[in-house]
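Asker: Shown below is the structure under consideration.
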Amino acid sequence: QAMQDRAKRTEKRITKKNLRAKRDAAKDRVDSLADEVITMEARYLLLIQEKERLTPRAISGGYRDEMDANISEYRQIVTKLKTELLFGALVDLRALEGEIKESELVVEQAQFFAEEANAARDEELRAIWRRESRARHDAAALDKRRAIGDQKRAWRVRFYTASGKPKKRLQTDEDDPMAQAHAGVYCGGTASGKP
């Protein structure tokens, strides 16, 4: 239970950082910068094409110098945007994605440890239940054997002497082994042999 709580706390802590929303915002920023780079680069290339198509009259009017200044300005803008895109927004996006992967790994490990702890706990409980069941079964079997022994002892034929004491040793009659058990039986409840 403690491991599950720890996994939930870890997941909650990482969710509080709101990394996915930050990543989505960084992706939007990268996309908008990429669109801006493409637009500015297209304008830059159009300016270069226009410069190549200048007429001699436009060149003599000083339009060429103005075009060179515009091309230089657009080149700087494109370079600045590409630098911001490649070394700013993309680096931030990759860092956020790495942090998301790392946090997902941490959550996954916490959940794995929680599952392993639960599995170990379940196995330990099953082992305890098996031991308790075995102990109950063994105790019941021992009680049953004792009860059977008590019944056997209660129903066993006992031989007594004429004075009523139990015989410790039976006298052996070597001629008739079947008769030796009944030879000296004394029972106080039998009728006398007189008719």
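Chains: A, B, ... in order of the structure tokens. Residues: from 1 per chain. Ligands: from 1, in order shown.
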Leaving out stretch 15-22 of chain A and any residue of its chain fewer than 6 positions from it, which residues lie within 12 Å of it when counting only C-alpha atoms, given as a list in words?
Answerer: Lys8, Arg9, Asp28, Arg29, Ala89, Asp92, Leu93, Arg94, Ala95, Leu96, Glu97, Gly98, Glu99, Ile100, Lys101, Glu102, Ser103, Glu104 and Val107 of chain A
Asker: Which neighbours of stretch 59-64 of chain A fall inside 12 Å, counting only C-alpha atoms, when residues of the same chain fewer than 6 positions from it are skipped, and could you give them as a PyMOL selection string?
Answerer: chain A and resi 47-48+50-53+70-71
Asker: Which neighbours of A:Glu73 fall inside 12 Å, counting only C-alpha atoms, when residues of the same chain fewer than 5 positions from it are skipped, and could you give them as a PyMOL selection string?
Answerer: chain A and resi 40-41+43-44+47+66-68+78-80
Asker: Just write the chosen residues, all heavy atoms, as a tab-separated table (two decimals), in the first residue's frame.
Answerer:
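Output saved as part_21.tsv:
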chain	number	residue	atom	x	y	z
A	40	MET	N	10.00	34.67	-44.16
A	40	MET	CA	11.08	35.65	-44.32
A	40	MET	C	12.10	35.19	-45.37
A	40	MET	O	12.62	36.01	-46.14
A	40	MET	CB	11.78	35.90	-42.98
A	40	MET	CG	10.96	36.68	-42.01
A	40	MET	SD	10.57	38.30	-42.68
A	40	MET	CE	9.57	38.95	-41.40
A	41	GLU	N	12.37	33.90	-45.39
A	41	GLU	CA	13.31	33.39	-46.39
A	41	GLU	C	12.74	33.53	-47.80
A	41	GLU	O	13.47	33.85	-48.75
A	41	GLU	CB	13.66	31.93	-46.07
A	41	GLU	CG	14.98	31.51	-46.66
A	41	GLU	CD	15.47	30.21	-46.04
A	41	GLU	OE1	14.70	29.51	-45.36
A	41	GLU	OE2	16.66	29.91	-46.25
A	43	ARG	N	10.66	35.87	-48.74
A	43	ARG	CA	10.78	37.30	-49.08
A	43	ARG	C	12.22	37.65	-49.45
A	43	ARG	O	12.46	38.43	-50.38
A	43	ARG	CB	10.31	38.15	-47.89
A	43	ARG	CG	8.83	38.12	-47.69
A	43	ARG	CD	8.42	39.00	-46.54
A	43	ARG	NE	7.00	38.87	-46.27
A	43	ARG	CZ	6.41	39.32	-45.20
A	43	ARG	NH1	7.13	39.93	-44.26
A	43	ARG	NH2	5.12	39.17	-45.03
A	44	TYR	N	13.15	37.07	-48.71
A	44	TYR	CA	14.58	37.29	-48.99
A	44	TYR	C	14.91	36.82	-50.41
A	44	TYR	O	15.57	37.53	-51.18
A	44	TYR	CB	15.42	36.56	-47.94
A	44	TYR	CG	16.89	36.51	-48.22
A	44	TYR	CD1	17.69	37.64	-48.12
A	44	TYR	CD2	17.50	35.31	-48.59
A	44	TYR	CE1	19.05	37.57	-48.37
A	44	TYR	CE2	18.86	35.25	-48.84
A	44	TYR	CZ	19.63	36.38	-48.73
A	44	TYR	OH	20.97	36.31	-48.99
A	47	LEU	N	13.47	39.14	-52.97
A	47	LEU	CA	14.28	40.36	-53.09
A	47	LEU	C	15.51	40.11	-53.97
A	47	LEU	O	15.89	40.95	-54.79
A	47	LEU	CB	14.71	40.88	-51.72
A	47	LEU	CG	13.65	41.62	-50.91
A	47	LEU	CD1	14.18	41.96	-49.53
A	47	LEU	CD2	13.24	42.90	-51.63
A	66	GLU	N	19.32	50.46	-52.40
A	66	GLU	CA	18.21	50.23	-51.48
A	66	GLU	C	17.88	48.73	-51.39
A	66	GLU	O	17.61	48.21	-50.31
A	66	GLU	CB	16.98	51.02	-51.96
A	66	GLU	CG	15.88	51.07	-50.94
A	66	GLU	CD	14.72	51.93	-51.42
A	66	GLU	OE1	14.94	52.96	-52.06
A	66	GLU	OE2	13.59	51.52	-51.11
A	67	MET	N	17.94	48.04	-52.55
A	67	MET	CA	17.68	46.60	-52.59
A	67	MET	C	18.76	45.85	-51.80
A	67	MET	O	18.45	44.90	-51.06
A	67	MET	CB	17.65	46.08	-54.03
A	67	MET	CG	16.44	46.50	-54.81
A	67	MET	SD	14.96	45.68	-54.28
A	67	MET	CE	15.20	44.10	-54.98
A	68	ASP	N	20.02	46.27	-51.95
A	68	ASP	CA	21.10	45.63	-51.18
A	68	ASP	C	20.89	45.80	-49.68
A	68	ASP	O	21.12	44.87	-48.90
A	68	ASP	CB	22.46	46.23	-51.58
A	68	ASP	CG	22.92	45.75	-52.96
A	68	ASP	OD1	22.41	44.68	-53.40
A	68	ASP	OD2	23.77	46.41	-53.57
A	78	VAL	N	16.42	36.68	-41.16
A	78	VAL	CA	16.33	35.23	-41.35
A	78	VAL	C	17.34	34.51	-40.46
A	78	VAL	O	17.02	33.50	-39.81
A	78	VAL	CB	16.52	34.86	-42.84
A	78	VAL	CG1	16.70	33.36	-43.01
A	78	VAL	CG2	15.33	35.33	-43.67
A	79	THR	N	18.56	35.03	-40.39
A	79	THR	CA	19.59	34.42	-39.56
A	79	THR	C	19.18	34.46	-38.08
A	79	THR	O	19.32	33.47	-37.34
A	79	THR	CB	20.93	35.14	-39.74
A	79	THR	OG1	21.27	35.12	-41.13
A	79	THR	CG2	22.04	34.49	-38.94
A	80	LYS	N	18.65	35.60	-37.66
A	80	LYS	CA	18.22	35.74	-36.27
A	80	LYS	C	17.07	34.77	-35.97
A	80	LYS	O	17.06	34.09	-34.92
A	80	LYS	CB	17.76	37.18	-36.03
A	80	LYS	CG	17.30	37.43	-34.62
A	80	LYS	CD	16.83	38.86	-34.46
A	80	LYS	CE	16.16	39.03	-33.11
A	80	LYS	NZ	15.41	40.26	-33.04
Asker: Mind checking which residues fall within 10 Å of A:Leu85, counting only C-alpha atoms, ignoring those fewer than 6 positions away in the same chain, and posting them as a list in words?
Answerer: Arg29, Val30, Asp31, Ser32, Leu33, Ala34, Glu36, Val37, Thr79, Val91 and Asp92 of chain A
Asker: Name the closest residue to A:Lys82 among the candidates A:Val157, A:Ala114, A:Leu45, A:Ile38; distances are taken between atoms, counting only C-alpha atoms.
Answerer: A:Ile38
Asker: For A:Ala7, list every protein, DNA or RNA residue within 7 Å, evaluated using only C-alpha atoms, and leave out those in the same chain fewer than 3 positions away; present the list as a list in words.
Answerer: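 Returned residues: Met3, Gln4, Thr10, Glu11, Val107, Ala110, Gln111 and Ala114 of chain A.
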Asker: Could the residues in this selection be written to a file with N, CA and C atoms, as a short mmCIF file (atom, residue, chain, number, x, y, z; two decimals), in the first residue's frame?
Answerer:
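Result written to part_17.cif:
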data_model
loop_
_atom_site.label_atom_id
_atom_site.label_comp_id
_atom_site.auth_asym_id
_atom_site.auth_seq_id
_atom_site.Cartn_x
_atom_site.Cartn_y
_atom_site.Cartn_z
N MET A 3 3.84 1.55 -1.22
CA MET A 3 4.46 1.74 -2.55
C MET A 3 3.45 2.32 -3.54
N GLN A 4 2.20 1.90 -3.44
CA GLN A 4 1.17 2.46 -4.33
C GLN A 4 0.97 3.94 -4.03
N THR A 10 4.13 10.44 -6.65
CA THR A 10 5.10 10.78 -7.70
C THR A 10 4.38 11.24 -8.95
N GLU A 11 3.34 10.50 -9.33
CA GLU A 11 2.58 10.87 -10.52
C GLU A 11 1.91 12.23 -10.33
N VAL A 107 7.63 7.55 -13.10
CA VAL A 107 6.30 7.07 -12.74
C VAL A 107 6.19 5.58 -13.03
N ALA A 110 8.03 3.67 -10.40
CA ALA A 110 7.30 3.68 -9.14
C ALA A 110 6.12 2.71 -9.20
N GLN A 111 5.42 2.68 -10.36
CA GLN A 111 4.32 1.73 -10.50
C GLN A 111 4.83 0.30 -10.53
N ALA A 114 5.59 -0.68 -7.05
CA ALA A 114 4.34 -0.89 -6.32
C ALA A 114 3.73 -2.24 -6.68
#
Asker: Can you tell me, as a VMD selection string, which residues in chain A count as helix (DSSP H, G or I) by DSSP?
Answerer: chain A and resid 2 to 16 19 to 52 56 to 60 63 to 155 180 to 183
